[in-house]
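Visitor: Pasting start_36.txt below, which is compact mmCIF, C-alpha atoms and all ligand atoms.
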# COMPACT_ATOMS: atom_id res chain seq x y z
CA MET Q 1 98.53 75.82 116.93
CA ASP Q 2 100.68 72.76 116.19
CA GLU Q 3 99.47 71.28 119.44
CA LEU Q 4 95.87 71.82 118.40
CA VAL Q 5 96.45 70.05 115.07
CA LEU Q 6 98.12 67.19 116.92
CA HIS Q 7 95.11 66.89 119.23
CA LEU Q 8 92.75 66.84 116.27
CA VAL Q 9 94.78 64.16 114.51
CA LYS Q 10 94.79 62.08 117.70
CA LEU Q 11 91.02 62.51 118.01
CA VAL Q 12 90.42 61.42 114.40
CA VAL Q 13 92.68 58.38 114.80
CA ALA Q 14 90.94 57.45 118.04
CA LEU Q 15 87.50 57.81 116.44
CA LEU Q 16 88.50 55.72 113.42
CA LEU Q 17 89.76 52.96 115.74
CA LEU Q 18 86.54 53.23 117.74
CA LEU Q 19 84.42 52.94 114.58
CA HIS Q 20 86.47 49.99 113.45
CA HIS Q 21 85.81 48.24 116.77
CA ALA Q 22 82.12 49.11 116.68
CA ALA Q 23 81.78 47.88 113.10
CA LEU Q 24 82.96 44.36 113.93
CA PRO Q 25 79.85 43.27 115.90
CA VAL Q 26 77.60 44.89 113.28
CA ALA Q 27 79.36 42.98 110.52
CA ALA Q 28 78.99 39.80 112.55
CA ALA Q 29 75.28 40.50 112.99
CA ALA Q 30 74.86 41.09 109.26
CA HIS Q 31 76.16 37.60 108.67
CA GLY Q 32 73.56 36.16 111.01
CA HIS Q 33 75.87 35.64 113.94
CA LYS Q 34 73.69 37.05 116.70
CA THR Q 35 75.94 36.52 119.59
CA ALA Q 36 76.65 38.08 122.93
CA VAL Q 37 79.22 40.27 121.24
CA LEU Q 38 76.43 42.70 120.28
CA GLU Q 39 75.69 43.54 123.90
CA SER Q 40 79.29 43.99 124.92
CA GLN Q 41 80.83 47.43 124.51
CA PRO Q 42 84.13 47.22 122.66
CA ALA Q 43 86.73 47.87 125.32
CA LEU Q 44 89.29 50.48 124.43
CA PRO Q 45 92.90 49.77 125.26
CA ALA Q 46 94.20 52.09 127.98
CA GLY Q 47 96.37 54.01 125.50
CA MET Q 48 93.39 54.81 123.31
CA ARG Q 49 91.26 55.92 126.22
CA PHE Q 50 94.03 58.37 127.02
CA LEU Q 51 93.98 59.69 123.44
CA VAL Q 52 90.23 60.24 123.53
CA SER Q 53 90.32 61.98 126.89
CA ALA Q 54 93.33 64.09 125.86
CA ALA Q 55 91.49 65.21 122.76
CA ALA Q 56 88.34 65.96 124.76
CA SER Q 57 90.22 68.18 127.18
CA SER Q 58 92.08 70.08 124.46
CA PRO Q 59 91.26 73.78 123.99
CA ALA Q 60 89.44 72.83 120.78
CA SER Q 61 86.65 71.25 122.80
CA PRO Q 62 84.10 73.78 124.05
CA ALA Q 63 82.69 71.06 126.31
CA SER Q 64 85.63 71.26 128.69
CA GLY Q 65 84.95 74.12 131.04
CA SER Q 66 88.18 73.60 132.93
CA SER Q 67 90.60 75.28 130.51
CA PRO Q 68 91.29 78.92 131.38
CA PRO Q 69 90.05 81.56 128.93
CA ALA Q 70 92.63 82.90 126.45
CA ALA Q 71 94.65 85.74 127.96
CA PRO Q 72 93.58 89.13 126.60
CA VAL Q 73 96.07 90.74 124.23
CA SER Q 74 97.87 93.36 126.26
CA THR Q 75 98.91 96.72 124.89
CA CYS Q 76 102.45 98.06 124.91
CA LEU Q 77 104.03 101.42 124.18
CA TYR Q 78 106.77 101.49 121.57
CA THR Q 79 109.33 103.98 120.35
CA VAL Q 80 110.44 103.84 116.74
CA ILE Q 81 113.50 105.75 115.56
CA THR Q 82 114.29 106.01 111.88
CA GLU Q 83 117.59 107.21 110.49
CA THR Q 84 117.56 108.46 106.92
CA GLY Q 85 120.79 108.14 104.95
CA ASN Q 86 122.93 110.98 103.74
CA LYS Q 87 122.79 110.10 100.04
CA LEU Q 88 121.45 112.43 97.40
CA GLY Q 89 117.67 112.05 97.27
CA ALA Q 90 117.62 109.89 100.41
CA GLY Q 91 114.70 111.75 101.99
CA THR Q 92 111.05 111.15 101.29
CA ASP Q 93 107.75 112.93 101.85
CA ALA Q 94 105.80 109.70 101.46
CA LYS Q 95 103.76 108.25 104.31
CA VAL Q 96 105.80 105.62 106.11
CA SER Q 97 104.41 102.56 107.86
CA VAL Q 98 106.18 99.70 109.57
CA LYS Q 99 105.24 96.26 110.80
CA PHE Q 100 107.36 94.33 113.28
CA TYR Q 101 107.12 90.56 113.83
CA ASN Q 102 108.66 88.06 116.15
CA LYS Q 103 109.55 84.57 115.05
CA SER Q 104 106.21 83.06 115.99
CA GLY Q 105 104.52 85.54 113.67
CA ASP Q 106 103.04 87.88 116.27
CA ALA Q 107 103.09 91.37 114.81
CA VAL Q 108 102.50 95.01 115.54
CA THR Q 109 101.86 97.63 112.86
CA PHE Q 110 102.35 101.38 112.97
CA GLN Q 111 100.65 103.25 110.13
CA ASP Q 112 101.75 106.64 108.85
CA LEU Q 113 104.49 107.43 111.35
CA GLU Q 114 103.89 110.98 112.52
CA ASN Q 115 105.43 112.95 115.36
CA GLY Q 116 104.23 116.51 114.78
CA ALA Q 117 107.54 117.65 113.26
CA ASP Q 118 107.40 119.76 110.09
CA ASP Q 119 109.18 117.31 107.91
CA ASN Q 120 110.18 113.76 108.70
CA PHE Q 121 112.45 111.38 106.82
CA GLU Q 122 114.70 114.10 105.43
CA ARG Q 123 118.19 113.35 104.19
CA GLY Q 124 120.58 112.75 107.08
CA SER Q 125 117.93 113.10 109.78
CA THR Q 126 116.92 110.98 112.72
CA ASP Q 127 113.20 110.94 113.52
CA THR Q 128 111.72 109.66 116.74
CA PHE Q 129 108.15 108.43 117.12
CA GLU Q 130 107.21 107.90 120.72
CA ALA Q 131 104.37 106.39 122.69
CA LEU Q 132 103.13 104.30 119.79
CA GLU Q 133 100.50 101.93 121.07
CA GLY Q 134 100.12 98.36 119.87
CA PRO Q 135 99.79 94.73 120.94
CA CYS Q 136 102.76 93.49 122.95
CA VAL Q 137 105.18 91.51 120.80
CA SER Q 138 108.32 90.16 122.38
CA GLY Q 139 111.49 89.18 120.55
CA ILE Q 140 111.00 91.35 117.45
CA CYS Q 141 113.29 90.08 114.69
CA ARG Q 142 111.54 90.92 111.41
CA MET Q 143 110.42 94.17 109.88
CA TRP Q 144 108.27 95.11 106.91
CA LEU Q 145 108.92 98.74 106.08
CA THR Q 146 106.66 100.47 103.57
CA HIS Q 147 105.77 103.89 102.23
CA ASP Q 148 102.99 104.97 99.94
CA ASN Q 149 105.32 106.28 97.23
CA THR Q 150 103.74 109.73 97.21
CA GLY Q 151 105.57 113.04 96.80
CA ILE Q 152 108.35 114.11 94.45
CA PHE Q 153 111.08 111.48 94.24
CA PRO Q 154 109.53 109.28 96.94
CA ALA Q 155 112.32 106.69 97.12
CA TRP Q 156 113.77 106.61 100.63
CA TYR Q 157 117.25 105.55 101.65
CA VAL Q 158 117.08 104.15 105.17
CA GLN Q 159 120.14 103.84 107.31
CA SER Q 160 118.50 102.12 110.27
CA VAL Q 161 115.25 101.55 112.11
CA LYS Q 162 115.24 101.06 115.84
CA VAL Q 163 112.25 99.80 117.79
CA SER Q 164 112.07 99.68 121.55
CA GLN Q 165 109.45 98.57 124.02
CA GLY Q 166 110.22 98.67 127.72
CA ARG Q 167 113.79 97.46 128.07
CA ALA Q 168 113.71 95.50 124.82
CA MET Q 169 115.32 97.10 121.81
CA LYS Q 170 115.99 95.95 118.27
CA THR Q 171 117.97 97.78 115.62
CA PHE Q 172 117.61 96.95 111.95
CA ARG Q 173 120.64 98.15 110.02
CA VAL Q 174 118.84 98.69 106.73
CA MET Q 175 121.25 100.66 104.51
CA GLN Q 176 119.00 100.25 101.49
CA TRP Q 177 116.54 102.14 99.34
CA VAL Q 178 112.93 101.49 100.15
CA SER Q 179 111.50 101.80 96.70
CA ARG Q 180 108.69 100.46 94.56
CA HIS Q 181 108.81 96.91 93.24
CA ASN Q 182 107.16 95.70 90.05
CA SER Q 183 103.64 97.03 89.74
CA ASP Q 184 103.06 97.66 93.45
CA ASP Q 185 101.75 101.15 94.06
CA PHE Q 186 103.69 101.32 97.30
CA ALA Q 187 107.33 100.76 98.20
CA SER Q 188 108.47 98.12 100.62
CA LEU Q 189 111.38 96.33 102.15
CA LEU Q 190 111.39 93.19 104.25
CA MET Q 191 114.19 92.51 106.70
CA SER Q 192 114.23 89.28 108.61
CA GLU Q 193 116.76 88.40 111.24
CA CYS Q 194 114.71 85.64 112.85
CA ASP Q 195 116.56 82.31 112.90
CA TYR Q 196 113.22 80.80 111.85
CA PHE Q 197 109.81 82.24 111.14
CA SER Q 198 106.55 80.39 111.59
CA PRO Q 199 103.43 82.51 111.59
C1 LIG Q 201 105.93 86.56 120.18
O1 LIG Q 201 105.20 87.50 120.90
C2 LIG Q 201 104.14 86.96 121.67
C3 LIG Q 201 103.41 88.10 122.30
O2 LIG Q 201 104.25 88.82 123.17
C4 LIG Q 201 104.70 85.99 122.69
O3 LIG Q 201 103.64 85.40 123.39
C5 LIG Q 201 105.50 84.93 121.99
O4 LIG Q 201 106.10 84.10 122.94
C6 LIG Q 201 106.58 85.59 121.15
N1 LIG Q 201 107.30 84.57 120.42
C7 LIG Q 201 108.61 84.46 120.49
C8 LIG Q 201 109.20 83.34 119.70
O5 LIG Q 201 109.32 85.21 121.16
Would you mind writing the structure in this file as structure tokens?
Guide:
Amino acid sequence: MDELVLHLVKLVVALLLLLHHAALPVAAAAHGHKTAVLESQPALPAGMRFLVSAAASSPASPASGSSPPAAPVSTCLYTVITETGNKLGAGTDAKVSVKFYNKSGDAVTFQDLENGADDNFERGSTDTFEALEGPCVSGICRMWLTHDNTGIFPAWYVQSVKVSQGRAMKTFRVMQWVSRHNSDDFASLLMSECDYFSP
């Protein structure tokens, strides 16, 4: 994305310089100086020609048929394992969802974690959710954990959340209550262990 912006800036600069060059003969003509300069195309310095051609061949330009089409988003299978703490009232009957990001902002969301068990997210229990399908995101380092705050005493004390995909695995040591904030009608907790984050 940054590269695209850079290309656009280069294009605008190049066009402004081009207009500036083109305007000179016109201004001369307006002052009655009808000279050979009108017929001559303003020559672009080599550096500027490069800028214009670089901008024209950027992905932003639909005219360039040479750039390969964007790779389709591939699907991955994930396993999510939640560990509920052993504190009094740690369990919840609320519907739990989780979103994982990597540091470039790519994300995968799993809504209403469900594995067919009678009761998930009970005090002291470990719950495994397998074969969850979603877009492939590598280098997961950030998690947004939410629940819908339904049920009796919906607050949830989470020990850890583990997410794995293929051989990649990330463990978030949460050790916190996921509870409601302010006037939100859901509860949430954001954990970021990315050394930077730029969506
Ligand atoms: C984030 O995930 C996408 C999709 O797998 C990947 O293309 C990108 O390189 C990842 N970013 C980082 C910083 O790992």
Visitor: Name the residues in contact with Leu189 of chain Q at a cut-off of 9 Å, using all atoms listed in the file, excluding same-chain residues fewer than 3 positions from it; report them as a PyMOL selection string.
Guide: chain Q and resi 143-146+176-179
Visitor: Can you tell me which residues sit at most 12 Å away from ligand LIG 201 (chain Q), counting all atoms listed in the file, written as a ChimeraX atom specification?
Guide: /Q:70-76,100-108,134-142,165,168,194-199
Visitor: How many Å lie between atom CA of Ala187 of chain Q and atom CA of Val158 of chain Q, rounded to one decimal?
Guide: 12.5 Å
Visitor: Return the single residue from Q:Ile152, Q:Val161, Q:Ala131, Q:Val174 that is closest to Tyr78 of chain Q, with distances computed using only C-alpha atoms.
Guide: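 Answer, going by the shortest atom-to-atom distance: Q:Ala131.
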Visitor: With a distance cut-off of 6 Å and only C-alpha atoms, select the neighbouring residues of segment 111-123 of chain Q, excluding the residue or stretch itself and same-chain residues fewer than 3 positions from it, and output the selection as a list in words.
Guide: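 Counting only C-alpha atoms, the residues come to Thr84, Gly85, Asn86, Ala90, Gly91, Thr92, Lys95, Val96, Ser97 and Phe129 of chain Q.
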Visitor: Next, dump the selected residues to file, keeping only C-alpha atoms, as a JSON list (two decimals), in the frame of the given file.
Guide:
[["chain", "number", "residue", "atom", "x", "y", "z"],
["Q", 84, "THR", "CA", 117.56, 108.46, 106.92],
["Q", 85, "GLY", "CA", 120.79, 108.14, 104.95],
["Q", 86, "ASN", "CA", 122.93, 110.98, 103.74],
["Q", 90, "ALA", "CA", 117.62, 109.89, 100.41],
["Q", 91, "GLY", "CA", 114.70, 111.75, 101.99],
["Q", 92, "THR", "CA", 111.05, 111.15, 101.29],
["Q", 95, "LYS", "CA", 103.76, 108.25, 104.31],
["Q", 96, "VAL", "CA", 105.80, 105.62, 106.11],
["Q", 97, "SER", "CA", 104.41, 102.56, 107.86],
["Q", 129, "PHE", "CA", 108.15, 108.43, 117.12]]
Visitor: May I ask for the distance between atom CA of Met175 of chain Q and atom CA of Leu132 of chain Q, given in Å to one decimal place?
Guide: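 Taking atom CA of Met175 of chain Q as the start and atom CA of Leu132 of chain Q as the end point, the length is 24.0 Å.
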Visitor: Looking at Q:Met191, Q:Met169, Q:Leu88, Q:Ala94, which one is nearest to Gly124 of chain Q, with distances taken over only C-alpha atoms?
Guide: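 Smallest distance to Gly124 of chain Q is found for Q:Leu88.
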Visitor: Using only the atoms of segment 132-145 of chain Q listed in the file, plus 6 Å on each side, state the axis-aligned box centre and edge lengths in Å rounded to one decimal, as JSON.
Guide:
{"center_x": 106.5, "center_y": 96.7, "center_z": 114.5, "size_x": 25.5, "size_y": 27.1, "size_z": 28.9}
Visitor: At what distance in Å, to one decimal, does atom CA of Val163 of chain Q lie from atom CA of Glu83 of chain Q?
Guide: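 Answer for the atom CA of Glu83 of chain Q to atom CA of Val163 of chain Q separation: 11.7 Å.
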Visitor: Which one of Q:His147, Q:Glu133, Q:Asp93, Q:Thr109 sits closest to Asp184 of chain Q if you count all atoms listed in the file?
Guide: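 So, comparing all the options, the nearest one is Q:His147.
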Visitor: Pick out the closest residue to Ser192 of chain Q from this set: Q:Gln159, Q:Arg167, Q:Gly89, Q:Lys99. Count only C-alpha atoms.
Guide: Q:Lys99
Visitor: Between Q:Lys162, Q:Tyr157, Q:Thr82, Q:Gly151, which residue has the minimum interatomic distance to Thr126 of chain Q, considering all atoms listed in the file?
Guide: Q:Thr82
Visitor: Taking into account only C-alpha atoms, which residue in the set Q:Asp127, Q:Glu193, Q:Asp148, Q:Asp185 is nearest to Lys170 of chain Q?
Guide: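 Closest to Lys170 of chain Q of all the choices is Q:Glu193.
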